[in-house]
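Undergrad: Sharing a structure below in structure tokens format, with a few things to ask.
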Amino acid sequence: MFFKTFKVIGWILAHILYRFEITGRENIPEQGAFLLCANHIHAFDPVILAIFMKRQPRFMGKKELFEKKFLDWFFRNLGAYPLDRQTADMKAYRTTMNILKDGNGVMIFSQGTRMKDFENVKGGVAVFALKSGAPIVPAGIIGSYKLFSKIRVNIGKPILMDEYAGQRVSTELVERVMGEVVGRVSTLSAH
């Protein structure tokens, strides 16, 4: 209920503050697990992506966002869960795998932090996709987030994991999948 209310309010506010152009919403699966991987240019990115989805996605947020009681409540009700970026956070890993196993979507920003270009990406989205079989939906966000400016969100066709089914998840396989993810997100987020 909280997410639905937030989504309506967020949609109204977003359309007052910015001009949106969304392409490819039909590429987000209507059912079943998926991983949405986008570039990360602004703190509002997860909110903007979430309010334009038909389904409530879950997403990781840096653990520091959950330190204050109200923010912890707020972000968890939006579908976020904490990630310790300083360690190999096995709790966040298990949470993500369980969300996918339950047939839900997870939003991942592979850069780990906000950056102008889609670079220095980490391979987590590929690991989750290869281990779960969930498709990766690439997305690109373009805009400055200056008031009343145009923000474009381009959502690409899913990258399916079928051809990798049954293969051992190796460094080379993760790099191959990430190579495709980087290429697709970079194209979708090109100005």
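Labels used: A, B, ... for chains in the order of the structure tokens, numbers from 1 for residues in each chain, and numbers from 1 for ligands as shown.
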Tell me, counting only C-alpha atoms, for each residue of range 51-152 of chain A within 7 Å of range 166-182 of chain A, which pair of atoms is nearest and how far apart they are in Å to one decimal, in rows ordered by chain and increasing number, as JSON lines.
TA:
{"residue": "A:Gly123", "atom": "CA", "partner": "A:Met178", "partner_atom": "CA", "distance": 6.3}
{"residue": "A:Ala126", "atom": "CA", "partner": "A:Val174", "partner_atom": "CA", "distance": 5.6}
{"residue": "A:Val127", "atom": "CA", "partner": "A:Val174", "partner_atom": "CA", "distance": 6.3}
{"residue": "A:Leu130", "atom": "CA", "partner": "A:Val169", "partner_atom": "CA", "distance": 6.7}
{"residue": "A:Pro138", "atom": "CA", "partner": "A:Val181", "partner_atom": "CA", "distance": 6.6}
Undergrad: Could you give me the residues within chain A that DSSP places in strand (DSSP E), as a ChimeraX atom specification?
TA: /A:19-23,34-38,58-62,80-83,105-108,136-142,150-155
Undergrad: So, with only C-alpha atoms as the atoms that count, which of A:Gln86, A:Phe2, A:Asn104, A:Lys91 lies closest to Glu30 in chain A?
TA: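 Of A:Gln86, A:Phe2, A:Asn104, A:Lys91, the one nearest Glu30 in chain A, counting only C-alpha atoms, is A:Asn104.
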Undergrad: Quick one: residues within 6 Å of range 80-82 of chain A, only C-alpha atoms, excluding same-chain residues fewer than 5 positions away - as a ChimeraX atom specification?
TA: /A:58-63,75
Undergrad: Please provide the set of residues having any atom within 10 Å of Lys4 in chain A, restricted to only C-alpha atoms, with same-chain residues fewer than 4 positions apart removed, written as a count of residues only.
TA: 7
Undergrad: Ranking A:Leu36, A:Asn98, A:Met161, A:Phe70 by minimum distance to Val185 in chain A and counting only C-alpha atoms, which one comes first?
TA: A:Leu36
Undergrad: Suppose you want the space between CA of Arg184 in chain A and CA of Cys37 in chain A; what is it in Å?
TA: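 Computed distance, CA of Arg184 in chain A to CA of Cys37 in chain A, equals 9.9 Å.
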Undergrad: So, counting only C-alpha atoms, which residue among A:His191, A:His40, A:Arg152, A:Arg85 is closest to Thr23 in chain A?
TA: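 Between A:His191, A:His40, A:Arg152, A:Arg85, the residue approaching Thr23 in chain A most closely is A:Arg152.
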Undergrad: Name the residues of chain A that fall into helix (DSSP H, G or I) according to DSSP on the backbone, using the chain letters and numbers of this document, as a PyMOL selection string.
TA: chain A and resi 2-17+25-27+45-51+63-66+69-78+90-101+124-132+162-164+171-188
Undergrad: With only C-alpha atoms as the atoms that count, which of A:Ala38, A:Ile99, A:Ala50, A:Ala43 lies nearest to Lys7 in chain A?
TA: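 The answer is A:Ala50, which sits nearest to Lys7 in chain A.
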Undergrad: Determine the nearest neighbour of Pro158 in chain A from the options A:Gly105, A:Gly133, A:Pro29, A:Pro46, counting only C-alpha atoms.
TA: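 With only C-alpha atoms as the atom set, the closest residue is A:Pro29.
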